[in-house]
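Below you'll find the structure, written out as structure tokens, and then a few comments.
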Amino acid sequence: MFSCNFSLQNNVDPTEMHKSISEDFCCSCQALQPLTFCIFIHRPSLSLSDCFSALCEPVHFPPHSEDWQKVGRQPWNYSSASGFVLTSLFNNSQMHLFLFGMVVLIYLLAMAGNTSMVLLIWADARLHTPMYFLLSQLSFLDIFFTSVTVPKMIVGFLFGWTSISFEGCGAQMFFFMFLGAAECLLLALMAYDRYVAICNPLRYPVLMNRQVCLLMVVASWLGGSLNASIQTSMTLQFPYCGSRKIAHFFCEVPSLLMLACADTEAYKQVLFVTGVVVLLVPITFITISYALILAAVLRMHSIEGRQKALATCSSHLTVVNLFYGPLVYTYMLPARYHSPGQDDVVSVFYTVLTPMLNPVIYSLRNKEVMGAMKKVLAKGRVRTREQGGLPLCCSIPAAIC
């Protein structure tokens, strides 16, 4: 919407008024998006009253065009605009309502599963080992990693609150990059833990003592924080012009750069380098570790030990593939190889699906975790019976229980 205001004086000669219009550019326009200018054209053949009753026709300049850059190009950021508008992942069709319900269910399962893993590892003394300590940190990261984006998406779809402030977008981008990079580094360190446990079992207590485990966790958090600080500060320093609508359901660096009205090619090179450090280097480290593990497993004479080693490592590799694959697709491939719609689908994998699958993969395929879970449930039943009540599970058929 726009409005044009004119200053009209009595007994003014049309020629003089035409000069005044040309000099003062009397038509002032207020527009949000897209960038619109109102131009008043005076025709000498028209009367003065007809001249002032003419409409101001909006002229639209396409984003990133040469005219758009030359005429009235004023970058907006936190000082001149309220923020951005996110794109909803779903619409009101029946299929999308079903998909929305599935995403909400998966998010709730992810929160419940990861919280249970953290509490279970903390409560059972048999799980106080380096591997499960790192696993608890992975679940802890997943709790916050999925909570950075999914609640905002849910609220935006239910209530239409798709707008996000400039500061809020920066905070969401920072914590997303921080937690995501920390998880990438932590998965690589977990591969080292499995390598030491299988290839050097006698030195495992020394090489993976408590101090080393704490150092690994601190290193992953510091590395994620450094990565997020660099990328967030560099992304937010660009001027943003034209449309405020982000073609994504959360503030992610590649989607935000599409709105920048400055040359971002140099920064994209920096983004590629950080992607190599955070993604490709850990992937290479994990690949080498598991190649050595596989060679050691094949040399084992015990069939039971071989099966246990393969079960533990296969679950870790499953998590690695589900998490790293979509991230490499989003951050390492050039933008011309994927569209915003494809980015939305791929983002669901590492923001919603992978955090839900992590505790499922590690618990269902791990006898120690399943044993600890049964032990905790048994304690809960005994405690409930001692209090004179029946546990909820007793009201369920025994086959389900």
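Residues in the structure tokens are numbered from 1 in each chain, the chains being A, B, ... in the order shown, and ligands are numbered from 1 in the order shown.
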
Against region 357-374 of chain A, which residues of region 66-152 of chain A fall within 12 Å? For each one I want the closest pair of atoms and the distance in Å (one decimal), counting only C-alpha atoms, rows by chain and increasing residue number, as JSON lines.
```
{"residue": "A:Ile106", "atom": "CA", "partner": "A:Leu357", "partner_atom": "CA", "distance": 9.2}
{"residue": "A:Tyr107", "atom": "CA", "partner": "A:Leu357", "partner_atom": "CA", "distance": 10.6}
{"residue": "A:Leu109", "atom": "CA", "partner": "A:Leu357", "partner_atom": "CA", "distance": 9.1}
{"residue": "A:Ala110", "atom": "CA", "partner": "A:Leu357", "partner_atom": "CA", "distance": 7.4}
{"residue": "A:Met111", "atom": "CA", "partner": "A:Pro359", "partner_atom": "CA", "distance": 9.9}
{"residue": "A:Ala112", "atom": "CA", "partner": "A:Pro359", "partner_atom": "CA", "distance": 9.5}
{"residue": "A:Gly113", "atom": "CA", "partner": "A:Pro359", "partner_atom": "CA", "distance": 5.7}
{"residue": "A:Asn114", "atom": "CA", "partner": "A:Pro359", "partner_atom": "CA", "distance": 5.9}
{"residue": "A:Thr115", "atom": "CA", "partner": "A:Pro359", "partner_atom": "CA", "distance": 9.2}
{"residue": "A:Ser116", "atom": "CA", "partner": "A:Pro359", "partner_atom": "CA", "distance": 8.5}
{"residue": "A:Met117", "atom": "CA", "partner": "A:Pro359", "partner_atom": "CA", "distance": 6.6}
{"residue": "A:Val118", "atom": "CA", "partner": "A:Pro359", "partner_atom": "CA", "distance": 9.6}
{"residue": "A:Leu119", "atom": "CA", "partner": "A:Met373", "partner_atom": "CA", "distance": 10.4}
{"residue": "A:Leu120", "atom": "CA", "partner": "A:Met373", "partner_atom": "CA", "distance": 7.0}
{"residue": "A:Ile121", "atom": "CA", "partner": "A:Val369", "partner_atom": "CA", "distance": 8.3}
{"residue": "A:Trp122", "atom": "CA", "partner": "A:Ala372", "partner_atom": "CA", "distance": 10.8}
{"residue": "A:Ala123", "atom": "CA", "partner": "A:Ala372", "partner_atom": "CA", "distance": 9.0}
{"residue": "A:Asp124", "atom": "CA", "partner": "A:Ala372", "partner_atom": "CA", "distance": 6.5}
{"residue": "A:Ala125", "atom": "CA", "partner": "A:Ala372", "partner_atom": "CA", "distance": 9.2}
{"residue": "A:Arg126", "atom": "CA", "partner": "A:Ala372", "partner_atom": "CA", "distance": 7.9}
{"residue": "A:Leu127", "atom": "CA", "partner": "A:Glu368", "partner_atom": "CA", "distance": 7.7}
{"residue": "A:His128", "atom": "CA", "partner": "A:Glu368", "partner_atom": "CA", "distance": 11.4}
{"residue": "A:Thr129", "atom": "CA", "partner": "A:Glu368", "partner_atom": "CA", "distance": 11.4}
{"residue": "A:Met131", "atom": "CA", "partner": "A:Tyr362", "partner_atom": "CA", "distance": 11.2}
{"residue": "A:Tyr132", "atom": "CA", "partner": "A:Val369", "partner_atom": "CA", "distance": 9.2}
{"residue": "A:Leu135", "atom": "CA", "partner": "A:Tyr362", "partner_atom": "CA", "distance": 8.6}
{"residue": "A:Ser136", "atom": "CA", "partner": "A:Pro359", "partner_atom": "CA", "distance": 9.6}
{"residue": "A:Gln137", "atom": "CA", "partner": "A:Pro359", "partner_atom": "CA", "distance": 11.7}
{"residue": "A:Leu138", "atom": "CA", "partner": "A:Asn358", "partner_atom": "CA", "distance": 8.5}
{"residue": "A:Ser139", "atom": "CA", "partner": "A:Pro359", "partner_atom": "CA", "distance": 7.2}
{"residue": "A:Phe140", "atom": "CA", "partner": "A:Pro359", "partner_atom": "CA", "distance": 10.8}
{"residue": "A:Leu141", "atom": "CA", "partner": "A:Asn358", "partner_atom": "CA", "distance": 11.1}
{"residue": "A:Asp142", "atom": "CA", "partner": "A:Asn358", "partner_atom": "CA", "distance": 8.5}
{"residue": "A:Ile143", "atom": "CA", "partner": "A:Asn358", "partner_atom": "CA", "distance": 10.9}
```

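Taking only C-alpha atoms into account, Gln269 (chain A) lies nearest to A:Tyr331 out of the set A:Met102, A:Lys379, A:Arg203, A:Tyr331.
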
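Counting from CA of Ala182 (chain A), the distance to CA of Ala296 (chain A) is 28.6 Å.
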
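For Met173 (chain A), the list of residues within 10 Å, based on only C-alpha atoms and with local chain neighbours fewer than 3 positions off taken out, reads A:Val148, A:Thr149, A:Glu167, A:Gly168, A:Cys169, A:Gly170, A:Phe176, A:Met177, A:Phe178, A:Ala228, A:Ser229, A:Gln231, A:Thr232, A:Thr235, A:Leu236, A:Phe250, A:Cys251, A:Glu252, A:Val253, A:Leu256.
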
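We find CA of Asn200 (chain A) and CA of Arg299 (chain A) to be spaced 13.4 Å apart.
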
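Among the candidates A:Leu327, A:Ile288, A:Leu353, A:Leu280, the residue lying nearest to Tyr195 (chain A) is A:Ile288 (atoms considered: only C-alpha atoms).
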
Neighbours of region 87-101 of chain A within 8 Å (only C-alpha atoms; same-chain residues fewer than 3 positions away dropped), as an MDAnalysis selection string? chainID A and resid 104:105 153 156:157 162 245:250 344

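Those residues of region 112-313 of chain A that DSSP, working from the backbone, places in strand (DSSP E or B) are A:Ser163, A:Ile164, A:Ser165, A:Tyr240, A:Lys245, A:Ile246, A:Ala260.
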
Taking the DSSP secondary structure from the backbone, can you list the residues of region 241-324 of chain A that are alpha helix (DSSP H), as a PyMOL selection string? chain A and resi 253-257+265-275+281-298+303-324

Select, from A:Leu222, A:Glu304, A:Val270, A:Tyr350, the residue with the minimum atom-to-atom distance to Met234 (chain A), counting only C-alpha atoms. A:Val270

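Nearest residue to Lys152 (chain A) among A:Leu134, A:Val352, A:Met216, A:Leu86 is A:Leu86, counting only C-alpha atoms.
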
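Every protein, DNA or RNA residue with an atom at most 12 Å from Ser314 (chain A), where only C-alpha atoms count and chain neighbours fewer than 3 positions away do not, is listed here: A:Ala191, A:Arg194, A:Tyr290, A:Ile293, A:Leu294, A:Arg306, A:Gln307, A:Lys308, A:Ala309, A:Leu310, A:Ala311, A:Leu317, A:Thr318, A:Val319, A:Val320, A:Asn321, A:Ile361, A:Tyr362, A:Arg365, A:Asn366.
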
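Across A:Cys241, A:Ala291, A:Val103, A:Cys213, the tightest approach to Gly83 (chain A) is made by A:Cys241 when counting only C-alpha atoms.
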